[in-house]
file my_file-v9.cif (mmCIF, C-alpha atoms)
data_structure
loop_
_atom_site.label_atom_id
_atom_site.label_comp_id
_atom_site.auth_asym_id
_atom_site.auth_seq_id
_atom_site.Cartn_x
_atom_site.Cartn_y
_atom_site.Cartn_z
CA SER A 1 -11.10 -220.05 16.13
CA MET A 2 -13.57 -219.25 18.89
CA VAL A 3 -12.07 -216.74 21.29
CA MET A 4 -13.20 -217.36 24.85
CA PHE A 5 -13.61 -214.25 26.90
CA ALA A 6 -15.75 -213.72 29.95
CA GLU A 7 -19.37 -213.03 29.13
CA GLU A 8 -22.05 -211.35 31.26
CA GLY A 9 -22.28 -213.28 34.56
CA GLN A 10 -18.82 -214.83 34.24
CA ALA A 11 -15.58 -214.18 36.07
CA GLU A 12 -12.45 -213.68 33.97
CA VAL A 13 -10.21 -216.43 35.33
CA ILE A 14 -6.41 -216.38 35.29
CA LEU A 15 -4.89 -219.75 36.10
CA VAL A 16 -1.53 -219.11 37.76
CA GLY A 17 0.61 -222.27 37.67
CA CYS A 18 -0.72 -224.90 35.29
CA GLY A 19 1.90 -227.62 35.63
CA ALA A 20 2.36 -230.52 33.25
CA PRO A 21 -0.55 -232.00 31.29
CA ASN A 22 -1.99 -235.06 33.10
CA ARG A 23 0.14 -234.33 36.23
CA GLY A 24 -0.47 -230.80 37.46
CA MET A 25 -3.52 -229.91 39.56
CA GLY A 26 -3.58 -226.59 37.70
CA TRP A 27 -3.88 -228.42 34.39
CA TYR A 28 -6.94 -230.30 35.71
CA HIS A 29 -8.52 -227.02 36.85
CA ALA A 30 -7.94 -225.74 33.30
CA ILE A 31 -9.56 -228.80 31.70
CA GLN A 32 -12.69 -228.44 33.86
CA MET A 33 -13.11 -224.77 32.95
CA LEU A 34 -12.36 -225.27 29.24
CA GLU A 35 -14.99 -228.02 29.17
CA GLU A 36 -17.42 -225.46 30.68
CA LYS A 37 -18.06 -227.51 33.83
CA CYS A 38 -18.04 -224.24 35.83
CA PRO A 39 -20.58 -221.96 34.09
CA SER A 40 -19.54 -218.82 36.02
CA ALA A 41 -15.84 -219.23 35.11
CA SER A 42 -14.28 -218.19 31.81
CA LEU A 43 -10.64 -219.32 31.63
CA ASP A 44 -9.11 -216.45 29.63
CA TYR A 45 -5.43 -216.56 30.68
CA ILE A 46 -2.96 -219.23 31.77
CA VAL A 47 0.26 -218.06 33.44
CA GLU A 48 2.92 -220.78 33.50
CA PRO A 49 6.36 -219.42 34.48
CA TRP A 50 8.24 -222.76 34.44
CA PHE A 51 7.16 -224.43 31.18
CA LEU A 52 7.11 -221.10 29.33
CA GLY A 53 10.55 -220.32 30.79
CA ALA A 54 13.45 -222.40 32.12
CA GLY A 55 11.52 -225.70 31.88
CA SER A 56 10.49 -225.36 28.23
CA ASP A 57 13.20 -227.72 26.90
CA SER A 58 12.33 -230.62 29.21
CA ASP A 59 10.16 -233.53 28.02
CA ALA A 60 7.30 -232.25 30.16
CA GLY A 61 7.93 -228.79 28.65
CA LYS A 62 7.46 -230.23 25.16
CA ASP A 63 4.22 -231.92 26.25
CA PHE A 64 3.08 -228.59 27.65
CA ALA A 65 3.86 -226.75 24.39
CA GLU A 66 1.76 -229.28 22.48
CA TRP A 67 -1.17 -228.89 24.87
CA GLN A 68 -0.77 -225.08 24.78
CA ALA A 69 -1.01 -225.03 20.96
CA ASP A 70 -4.23 -227.10 21.12
CA ALA A 71 -5.77 -224.93 23.86
CA GLU A 72 -4.92 -221.68 22.02
CA LYS A 73 -6.39 -223.00 18.78
CA GLU A 74 -9.51 -224.62 20.19
CA PHE A 75 -10.43 -222.19 22.98
CA GLY A 76 -8.50 -218.98 22.30
CA VAL A 77 -6.92 -219.05 25.77
CA LYS A 78 -4.00 -216.63 26.09
CA PHE A 79 -0.76 -217.98 27.64
CA ALA A 80 1.87 -215.90 29.46
CA SER A 81 5.04 -216.61 31.43
CA SER A 82 4.34 -213.88 33.99
CA LEU A 83 1.39 -212.06 35.55
CA ASP A 84 3.12 -208.82 34.47
CA ASP A 85 2.26 -209.65 30.84
CA LEU A 86 -1.51 -209.51 31.41
CA PRO A 87 -3.77 -206.65 30.31
CA PRO A 88 -6.14 -204.99 32.83
CA PRO A 89 -9.33 -206.97 33.64
CA GLU A 90 -12.28 -206.82 31.22
CA ALA A 91 -14.62 -208.55 33.71
CA PRO A 92 -14.47 -209.39 37.44
CA ARG A 93 -11.06 -211.07 37.63
CA LEU A 94 -10.44 -214.28 39.59
CA ALA A 95 -6.85 -215.52 40.01
CA LEU A 96 -6.65 -219.27 40.64
CA ILE A 97 -3.21 -219.85 42.16
CA SER A 98 -2.11 -223.47 41.80
CA GLY A 99 1.69 -223.27 41.76
CA ARG A 100 4.23 -224.52 44.26
CA THR A 101 3.26 -223.62 47.82
CA ALA A 102 6.55 -221.74 48.35
CA ASP A 103 5.77 -219.40 45.41
CA ASN A 104 2.27 -218.49 46.63
CA PRO A 105 3.14 -215.37 48.67
CA ARG A 106 4.73 -213.70 45.62
CA LEU A 107 2.00 -214.89 43.24
CA LEU A 108 -0.69 -213.47 45.54
CA THR A 109 1.05 -210.06 45.55
CA GLU A 110 1.29 -210.12 41.75
CA SER A 111 -2.35 -211.25 41.36
CA ILE A 112 -3.55 -208.34 43.49
CA ALA A 113 -1.38 -205.93 41.47
CA ARG A 114 -2.97 -207.23 38.22
CA GLY A 115 -6.50 -206.28 39.31
CA SER A 116 -7.86 -209.52 40.77
CA LYS A 117 -11.12 -209.05 42.67
CA CYS A 118 -10.94 -212.49 44.25
CA ILE A 119 -8.23 -215.14 44.64
CA TYR A 120 -8.67 -218.91 44.79
CA LEU A 121 -5.63 -220.27 46.61
CA GLU A 122 -4.73 -223.96 46.59
CA LYS A 123 -4.22 -225.52 50.00
CA PRO A 124 -2.35 -225.17 52.32
CA GLY A 125 -1.78 -221.63 50.94
CA ALA A 126 1.75 -220.99 52.20
CA PRO A 127 4.56 -222.97 53.87
CA THR A 128 4.12 -221.29 57.29
CA VAL A 129 1.49 -219.59 59.44
CA ALA A 130 3.49 -216.32 59.41
CA GLU A 131 3.54 -216.16 55.59
CA LEU A 132 -0.14 -217.03 55.27
CA GLU A 133 -1.10 -214.43 57.90
CA SER A 134 0.84 -211.74 56.08
CA MET A 135 -0.88 -212.76 52.80
CA MET A 136 -4.25 -212.51 54.55
CA ASN A 137 -3.44 -209.02 55.82
CA GLU A 138 -2.10 -207.90 52.45
CA ALA A 139 -5.27 -209.06 50.65
CA GLU A 140 -7.52 -207.50 53.29
CA ALA A 141 -5.74 -204.14 52.93
CA ALA A 142 -6.26 -204.32 49.15
CA GLY A 143 -9.94 -205.27 49.52
CA VAL A 144 -9.37 -208.62 47.79
CA GLU A 145 -11.10 -211.75 49.03
CA VAL A 146 -9.05 -214.96 49.29
CA LEU A 147 -10.87 -218.31 49.26
CA MET A 148 -9.22 -221.72 49.56
CA GLY A 149 -9.27 -224.92 47.50
CA TYR A 150 -10.11 -227.10 50.51
CA ASN A 151 -12.42 -229.30 48.44
CA LYS A 152 -13.38 -231.76 51.21
CA ASN A 153 -15.35 -228.88 52.78
CA VAL A 154 -17.96 -229.33 50.01
CA CYS A 155 -17.66 -233.13 49.68
CA LYS A 156 -20.71 -235.39 49.70
CA TYR A 157 -19.22 -237.90 52.18
CA VAL A 158 -18.48 -235.11 54.67
CA ARG A 159 -22.01 -233.71 54.38
CA LYS A 160 -23.62 -237.17 54.74
CA THR A 161 -21.46 -238.00 57.78
CA ARG A 162 -22.23 -234.70 59.51
CA GLU A 163 -25.96 -235.04 58.77
CA PHE A 164 -26.08 -238.58 60.21
CA ALA A 165 -24.19 -237.54 63.36
CA ALA A 166 -26.42 -234.48 63.86
CA ALA A 167 -29.55 -236.65 63.70
CA ASN A 168 -28.29 -239.24 66.20
CA ALA A 169 -27.48 -238.17 69.76
CA GLY A 170 -24.23 -239.52 71.24
CA SER A 171 -22.57 -239.80 67.80
CA HIS A 172 -18.80 -239.48 67.42
CA VAL A 173 -17.35 -238.63 63.99
CA THR A 174 -14.00 -239.80 62.59
CA PHE A 175 -12.74 -238.46 59.26
CA VAL A 176 -10.49 -241.03 57.55
CA SER A 177 -7.99 -240.24 54.80
CA ASN A 178 -5.78 -242.74 52.96
CA ASN A 179 -2.91 -242.62 50.47
CA ALA A 180 -1.66 -245.63 48.53
CA TYR A 181 2.11 -245.49 49.09
CA GLU A 182 3.92 -248.81 49.30
CA ASN A 183 4.74 -249.68 52.89
CA THR A 184 8.52 -249.79 52.35
CA PRO A 185 11.28 -247.58 53.80
CA GLU A 186 12.17 -246.44 50.23
CA SER A 187 8.63 -245.46 49.28
CA LEU A 188 7.85 -243.75 52.61
CA GLY A 189 11.28 -242.05 52.73
CA GLU A 190 10.59 -240.53 49.30
CA CYS A 191 7.12 -239.45 50.48
CA PHE A 192 8.50 -237.90 53.70
CA GLU A 193 11.15 -235.94 51.75
CA ARG A 194 8.79 -234.68 49.01
CA ASN A 195 6.22 -233.65 51.62
CA ALA A 196 8.77 -232.34 54.10
CA GLU A 197 6.23 -230.03 55.80
CA GLY A 198 4.95 -233.22 57.48
CA MET A 199 1.74 -235.23 57.39
CA LEU A 200 -0.47 -232.80 59.30
CA LYS A 201 0.45 -229.86 57.04
CA ASN A 202 0.14 -232.01 53.94
CA MET A 203 -2.07 -235.09 53.72
CA ALA A 204 -4.22 -234.50 56.83
CA ILE A 205 -4.55 -230.73 56.30
CA HIS A 206 -7.95 -231.31 54.63
CA GLU A 207 -9.28 -233.05 57.71
CA LEU A 208 -7.93 -230.31 59.98
CA ALA A 209 -9.72 -227.75 57.76
CA LEU A 210 -12.97 -229.68 58.35
CA LEU A 211 -12.39 -229.54 62.11
CA VAL A 212 -11.74 -225.79 62.00
CA SER A 213 -14.70 -225.15 59.66
CA PHE A 214 -17.34 -227.32 61.34
CA TYR A 215 -16.23 -228.29 64.87
CA ASP A 216 -14.94 -224.99 66.35
CA VAL A 217 -11.40 -226.39 66.52
CA SER A 218 -8.74 -223.70 67.01
CA VAL A 219 -5.51 -223.61 68.98
CA ASP A 220 -7.22 -221.51 71.68
CA ASN A 221 -10.26 -223.78 71.85
CA ILE A 222 -8.52 -227.19 72.07
CA GLU A 223 -9.09 -228.73 75.48
CA SER A 224 -7.12 -231.93 74.78
CA VAL A 225 -5.66 -234.05 72.01
CA THR A 226 -5.08 -237.78 72.41
CA ALA A 227 -3.19 -240.00 69.96
CA ASP A 228 -4.43 -243.55 69.38
CA LYS A 229 -1.11 -245.27 70.06
CA GLU A 230 -2.29 -248.67 68.81
CA PHE A 231 -3.08 -247.30 65.35
CA SER A 232 -0.45 -244.61 64.99
CA SER A 233 3.13 -244.95 63.76
CA MET A 234 6.00 -242.47 63.51
CA GLN A 235 9.23 -243.29 61.65
CA THR A 236 12.57 -241.70 60.87
CA LEU A 237 13.61 -242.62 57.34
CA PRO A 238 16.18 -241.43 54.80
CA GLY A 239 14.80 -239.68 51.71
CA PRO A 240 16.34 -240.08 48.23
CA SER A 241 18.87 -237.34 49.13
CA GLY A 242 20.14 -239.41 52.08
CA LYS A 243 18.83 -236.90 54.62
CA ASP A 244 16.67 -238.28 57.48
CA TYR A 245 13.03 -237.25 57.89
CA THR A 246 10.77 -237.98 60.86
CA ASP A 247 7.06 -238.12 60.15
CA PHE A 248 3.89 -240.10 60.82
CA ASP A 249 3.23 -242.83 58.31
CA LYS A 250 -0.13 -243.20 60.04
CA ILE A 251 -1.82 -241.21 62.77
CA LYS A 252 -5.14 -241.28 64.59
CA PHE A 253 -6.13 -238.75 67.24
CA THR A 254 -9.16 -237.31 69.02
CA ILE A 255 -9.63 -233.63 69.81
CA LYS A 256 -11.91 -232.29 72.54
CA THR A 257 -12.78 -228.60 72.40
CA LYS A 258 -13.43 -226.32 75.37
CA ASN A 259 -17.03 -225.85 74.21
CA GLY A 260 -17.73 -229.59 74.31
CA ASN A 261 -17.13 -230.87 70.76
CA GLU A 262 -15.28 -234.12 70.19
CA VAL A 263 -14.03 -235.37 66.83
CA SER A 264 -11.35 -237.74 65.48
CA VAL A 265 -9.03 -237.84 62.46
CA GLN A 266 -7.31 -240.90 61.02
CA ALA A 267 -4.72 -240.72 58.20
CA ASP A 268 -2.62 -243.53 56.73
CA ARG A 269 -0.02 -243.06 53.97
CA CYS A 270 -0.31 -246.77 53.10
CA GLY A 271 -4.04 -247.25 53.67
CA GLY A 272 -5.27 -247.40 50.07
CA THR A 273 -7.23 -244.85 48.04
CA ASP A 274 -10.50 -244.38 49.95
CA SER A 275 -11.46 -241.48 52.14
CA PHE A 276 -14.54 -241.84 54.31
CA GLY A 277 -16.52 -240.50 57.22
CA MET A 278 -17.36 -242.82 60.08
CA VAL A 279 -19.79 -242.45 62.99
CA THR A 280 -19.67 -244.45 66.21
CA ASP A 281 -22.36 -244.48 68.91
CA SER A 282 -21.88 -243.81 72.62
CA THR A 283 -20.63 -247.39 73.18
CA GLY A 284 -17.95 -246.97 70.49
CA LYS A 285 -19.72 -249.25 67.97
CA GLU A 286 -19.56 -248.15 64.31
CA VAL A 287 -23.07 -247.24 63.09
CA PHE A 288 -22.38 -245.36 59.84
CA ARG A 289 -19.74 -245.09 57.13
CA TYR A 290 -19.81 -243.12 53.86
CA TYR A 291 -17.10 -243.48 51.24
CA MET A 292 -15.56 -241.18 48.69
CA PRO A 293 -16.04 -242.26 45.95
CA ASP A 294 -19.46 -243.84 46.49
CA GLU A 295 -21.11 -246.15 43.90
CA GLU A 296 -22.53 -243.24 41.89
CA ASP A 297 -19.10 -241.53 41.81
CA LYS A 298 -17.35 -244.75 40.71
CA ALA A 299 -19.16 -244.74 37.35
CA HIS A 300 -18.16 -241.09 36.90
CA VAL A 301 -14.53 -241.95 37.74
CA GLU A 302 -14.49 -244.75 35.15
CA ALA A 303 -15.81 -242.42 32.44
CA LEU A 304 -13.11 -239.83 33.26
CA GLN A 305 -10.38 -242.52 33.25
CA LYS A 306 -11.39 -243.46 29.69
CA GLN A 307 -11.35 -239.79 28.64
CA TYR A 308 -7.97 -239.03 30.29
CA PRO A 309 -6.11 -242.36 30.54
CA GLU A 310 -2.76 -240.68 31.37
CA ALA A 311 -3.98 -238.39 34.17
CA MET A 312 -3.46 -238.73 37.94
CA PRO A 313 -6.21 -241.01 39.37
CA TYR A 314 -6.96 -238.77 42.37
CA PHE A 315 -8.21 -236.01 40.05
CA PHE A 316 -11.19 -238.16 39.17
CA THR A 317 -12.43 -239.14 42.63
CA GLN A 318 -12.46 -235.46 43.59
CA ASP A 319 -13.69 -234.17 40.22
CA PRO A 320 -17.21 -233.07 41.35
CA ASP A 321 -15.81 -231.27 44.41
CA TYR A 322 -13.18 -229.35 42.42
CA ILE A 323 -15.98 -228.20 40.10
CA THR A 324 -18.19 -227.17 43.05
CA VAL A 325 -15.50 -225.09 44.77
CA LYS A 326 -14.44 -223.33 41.54
CA GLU A 327 -18.03 -222.61 40.51
CA ARG A 328 -18.94 -221.19 43.94
CA VAL A 329 -15.82 -219.00 44.01
CA ALA A 330 -16.32 -217.80 40.41
CA LYS A 331 -19.99 -216.99 41.03
CA HIS A 332 -19.04 -215.16 44.23
CA THR A 333 -16.46 -213.14 42.24
CA VAL A 334 -19.25 -212.02 39.90
CA ASP A 335 -22.22 -211.44 42.23
CA GLY A 336 -20.69 -211.14 45.71
CA ALA A 337 -23.10 -213.69 47.24
CA PRO A 338 -21.45 -215.94 49.88
CA ALA A 339 -19.51 -218.95 48.55
CA GLU A 340 -21.28 -221.51 50.73
CA GLY A 341 -19.02 -224.00 52.54
CA VAL A 342 -15.84 -222.70 50.90
CA ALA A 343 -12.98 -222.10 53.34
CA THR A 344 -11.64 -218.55 53.67
CA ILE A 345 -7.95 -217.69 54.11
CA GLY A 346 -8.85 -217.06 57.79
CA ILE A 347 -9.89 -220.72 58.12
CA ALA A 348 -6.67 -221.71 56.33
CA VAL A 349 -4.53 -219.71 58.77
CA GLU A 350 -6.22 -221.37 61.75
CA THR A 351 -5.86 -224.79 60.07
CA LEU A 352 -2.10 -224.34 59.64
CA LYS A 353 -1.84 -223.09 63.25
CA VAL A 354 -3.62 -226.24 64.44
CA ALA A 355 -1.27 -228.43 62.34
CA GLU A 356 1.81 -226.71 63.82
CA TYR A 357 0.37 -226.96 67.33
CA LEU A 358 -0.59 -230.66 67.11
CA THR A 359 2.55 -232.05 65.46
CA PRO A 360 4.96 -231.85 68.45
CA ILE A 361 2.25 -232.90 70.91
CA LEU A 362 1.43 -236.05 68.92
CA GLN A 363 5.12 -236.79 68.31
CA GLU A 364 5.72 -236.59 72.07
CA GLN A 365 2.77 -238.95 72.79
CA LEU A 366 4.11 -241.52 70.32
CA LYS A 367 7.71 -241.60 71.60
#
call {"tool": "encode", "arguments": {"input": "my_file-v9.cif", "output": "structure tokens"}}
result
Amino acid sequence: SMVMFAEEGQAEVILVGCGAPNRGMGWYHAIQMLEEKCPSASLDYIVEPWFLGAGSDSDAGKDFAEWQADAEKEFGVKFASSLDDLPPPEAPRLALISGRTADNPRLLTESIARGSKCIYLEKPGAPTVAELESMMNEAEAAGVEVLMGYNKNVCKYVRKTREFAAANAGSHVTFVSNNAYENTPESLGECFERNAEGMLKNMAIHELALLVSFYDVSVDNIESVTADKEFSSMQTLPGPSGKDYTDFDKIKFTIKTKNGNEVSVQADRCGGTDSFGMVTDSTGKEVFRYYMPDEEDKAHVEALQKQYPEAMPYFFTQDPDYITVKERVAKHTVDGAPAEGVATIGIAVETLKVAEYLTPILQEQLK
């Protein structure tokens, strides 16, 4: 069998946290690299503590074992249950951490100890600002760069929206994000419980990262935040455990910065599957809208759905952006050139700070 190991010009990638085939984001990262969609990334090791440990007897564990056997045979990828089992790097090592958010601080420490030169961390990075800040400091002290999987930063619809607004004076941008949960207390209660960090730290964290990256939004630079009360809705609902959770099922707000920027975010748990950028003119009339996926992307999504009929649909709409972020980070790991548009852990810290700052203010405005 062909053994895949990093060649000249490639980073040696360790995927930390694969998850179940067709379900886990880590699994989809693996598929993209094994199919050589990211030329600078060679996926040499997969570390999967759960399915190669306590979760191996579950149904999903059996699916994983089957997929593992295929991947070992076809691509020569090495599997391990712990980062401790890995040999020293043979090429510039990139750890792609895609486990549960709560495990990330420990996995970052272990990735640094195993000789990673760069770390790709899935958003939001850590459960709290304090943990993410300490991770940032730890990586800095070790001379390891940490870049984030905020894929909307490199998305076509974001670029097109920003370009249109920049070319037209008096433009106001709104970034819109939708999920397709059923609008029932049961469905939303389950959603609130599973994403207990709250909407702004979960679903809308991508949009907040855009504001921090491109609109100078930071806790210190926010002049005002105003909720759109007509659009927004906050509910207290029981989750499957019976415990009550209070969260936004939909929220829209506008931020003004002290240096004169103004930008809006709109997120709806029951709004469907589309994300888009929208521009209004100085009278408030909509003059531009760009969807993700656009027509070109839709054909691509259909092809992927045929190839992976069992996989999560949201993987496909974001497929090109996941490839772009991974390729830029892998190339950066090899040649040190800037990973254009990719969010740093510094941006991620500020994004989480903004989420924690906004949540009580918006809750208060919607009471």
call {"tool": "closest_residue", "arguments": {"input": "my_file-v9.cif", "among": "A:Ala227, A:Met25, A:Leu237, A:Ala30", "to": "Lys123 (chain A)", "atoms": "all atoms listed in the file"}}
result
A:Met25
call {"tool": "closest_residue", "arguments": {"input": "my_file-v9.cif", "among": "A:Tyr291, A:Tyr245, A:Tyr28, A:Phe276", "to": "Pro313 (chain A)", "atoms": "only C-alpha atoms"}}
result
A:Tyr28
call {"tool": "atom_distance", "arguments": {"input": "my_file-v9.cif", "atom1": "CA of Glu48 (chain A)", "atom2": "CA of Asn153 (chain A)"}}
result
27.8 Å
call {"tool": "residues_near_point", "arguments": {"input": "my_file-v9.cif", "point": "(0.4, -244.0, 62.8)", "cutoff": "8 Å", "atoms": "all atoms listed in the file", "output": "PDB file with C-alpha atoms, keeping the file's coordinate frame"}}
result
ATOM      1  CA  LYS A 229      -1.110-245.270  70.060  1.00  0.00           C
ATOM      2  CA  PHE A 231      -3.080-247.300  65.350  1.00  0.00           C
ATOM      3  CA  SER A 232      -0.450-244.610  64.990  1.00  0.00           C
ATOM      4  CA  SER A 233       3.130-244.950  63.760  1.00  0.00           C
ATOM      5  CA  MET A 234       6.000-242.470  63.510  1.00  0.00           C
ATOM      6  CA  PHE A 248       3.890-240.100  60.820  1.00  0.00           C
ATOM      7  CA  ASP A 249       3.230-242.830  58.310  1.00  0.00           C
ATOM      8  CA  LYS A 250      -0.130-243.200  60.040  1.00  0.00           C
ATOM      9  CA  ILE A 251      -1.820-241.210  62.770  1.00  0.00           C
ATOM     10  CA  LYS A 252      -5.140-241.280  64.590  1.00  0.00           C
ATOM     11  CA  ALA A 267      -4.720-240.720  58.200  1.00  0.00           C
ATOM     12  CA  ASP A 268      -2.620-243.530  56.730  1.00  0.00           C
TER      13      ASP A 268
END
call {"tool": "residues_around", "arguments": {"input": "my_file-v9.cif", "residues": "region 182-197 of chain A", "least_positions_apart": "5", "cutoff": "6 Å", "atoms": "all atoms listed in the file", "output": "JSON list (two decimals) with C-alpha atoms, keeping the file's coordinate frame"}}
result
[["chain", "number", "residue", "atom", "x", "y", "z"],
["A", 237, "LEU", "CA", 13.61, -242.62, 57.34],
["A", 238, "PRO", "CA", 16.18, -241.43, 54.80],
["A", 239, "GLY", "CA", 14.80, -239.68, 51.71],
["A", 240, "PRO", "CA", 16.34, -240.08, 48.23],
["A", 270, "CYS", "CA", -0.31, -246.77, 53.10]]
call {"tool": "closest_residue", "arguments": {"input": "my_file-v9.cif", "among": "A:Gln68, A:Gln266, A:Ser218, A:Thr324", "to": "Leu352 (chain A)", "atoms": "only C-alpha atoms"}}
result
A:Ser218
call {"tool": "resolve_selection", "arguments": {"input": "my_file-v9.cif", "expression": "the PyMOL selection byres ((chain A and resi 222) around 7)", "output": "PyMOL selection string"}}
result
chain A and resi 217-221+223-224+255-258
call {"tool": "resolve_selection", "arguments": {"input": "my_file-v9.cif", "expression": "the PyMOL selection byres ((chain A and resi 298-306) around 12)", "output": "MDAnalysis selection string"}}
result
chainID A and resid 22 28 31:32 274 291:297 307:320
call {"tool": "resolve_selection", "arguments": {"input": "my_file-v9.cif", "expression": "the PyMOL selection byres ((chain A and resi 16) around 7)", "output": "ChimeraX atom specification"}}
result
/A:14-15,17-18,46-48,95-99
call {"tool": "closest_residue", "arguments": {"input": "my_file-v9.cif", "among": "A:Ser42, A:Gln235, A:Ser81, A:Gln10", "to": "Ala54 (chain A)", "atoms": "all atoms listed in the file"}}
result
A:Ser81
call {"tool": "atom_distance", "arguments": {"input": "my_file-v9.cif", "atom1": "CA of Lys326 (chain A)", "atom2": "CA of Cys38 (chain A)"}}
result
6.8 Å
call {"tool": "residues_near_point", "arguments": {"input": "my_file-v9.cif", "point": "(2.1, -227.8, 61.9)", "cutoff": "10 Å", "atoms": "only C-alpha atoms", "output": "list in words"}}
result
Pro127, Thr128, Val129, Glu197, Gly198, Met199, Leu200, Lys201, Asn202, Ile205, Thr351, Leu352, Lys353, Val354, Ala355, Glu356, Tyr357, Leu358, Thr359 and Pro360 of chain A
call {"tool": "closest_residue", "arguments": {"input": "my_file-v9.cif", "among": "A:Pro87, A:Val349, A:Arg269, A:Thr109", "to": "Asp247 (chain A)", "atoms": "only C-alpha atoms"}}
result
A:Arg269
call {"tool": "atom_distance", "arguments": {"input": "my_file-v9.cif", "atom1": "CA of Leu208 (chain A)", "atom2": "CA of Asn179 (chain A)"}}
result
16.3 Å
call {"tool": "axis_aligned_box", "arguments": {"input": "my_file-v9.cif", "around": "region 295-312 of chain A", "padding_each_side": "4 Å", "output": "lines of an AutoDock Vina configuration file"}}
result
center_x = -12.6
center_y = -242.3
center_z = 36.3
size_x = 27.8
size_y = 15.8
size_z = 23.3
call {"tool": "closest_residue", "arguments": {"input": "my_file-v9.cif", "among": "A:Leu121, A:Glu350, A:Glu110, A:Val279", "to": "Lys160 (chain A)", "atoms": "all atoms listed in the file"}}
result
A:Val279
call {"tool": "residues_around", "arguments": {"input": "my_file-v9.cif", "residues": "Leu147 (chain A)", "least_positions_apart": "3", "cutoff": "9 Å", "atoms": "only C-alpha atoms", "output": "PDB file with C-alpha atoms, in the coordinates of the input"}}
result
ATOM      1  CA  CYS A 118     -10.940-212.490  44.250  1.00  0.00           C
ATOM      2  CA  ILE A 119      -8.230-215.140  44.640  1.00  0.00           C
ATOM      3  CA  TYR A 120      -8.670-218.910  44.790  1.00  0.00           C
ATOM      4  CA  LEU A 121      -5.630-220.270  46.610  1.00  0.00           C
ATOM      5  CA  GLU A 122      -4.730-223.960  46.590  1.00  0.00           C
ATOM      6  CA  TYR A 150     -10.110-227.100  50.510  1.00  0.00           C
ATOM      7  CA  VAL A 329     -15.820-219.000  44.010  1.00  0.00           C
ATOM      8  CA  ALA A 339     -19.510-218.950  48.550  1.00  0.00           C
ATOM      9  CA  VAL A 342     -15.840-222.700  50.900  1.00  0.00           C
ATOM     10  CA  ALA A 343     -12.980-222.100  53.340  1.00  0.00           C
ATOM     11  CA  THR A 344     -11.640-218.550  53.670  1.00  0.00           C
ATOM     12  CA  ILE A 345      -7.950-217.690  54.110  1.00  0.00           C
ATOM     13  CA  GLY A 346      -8.850-217.060  57.790  1.00  0.00           C
ATOM     14  CA  ALA A 348      -6.670-221.710  56.330  1.00  0.00           C
TER      15      ALA A 348
END
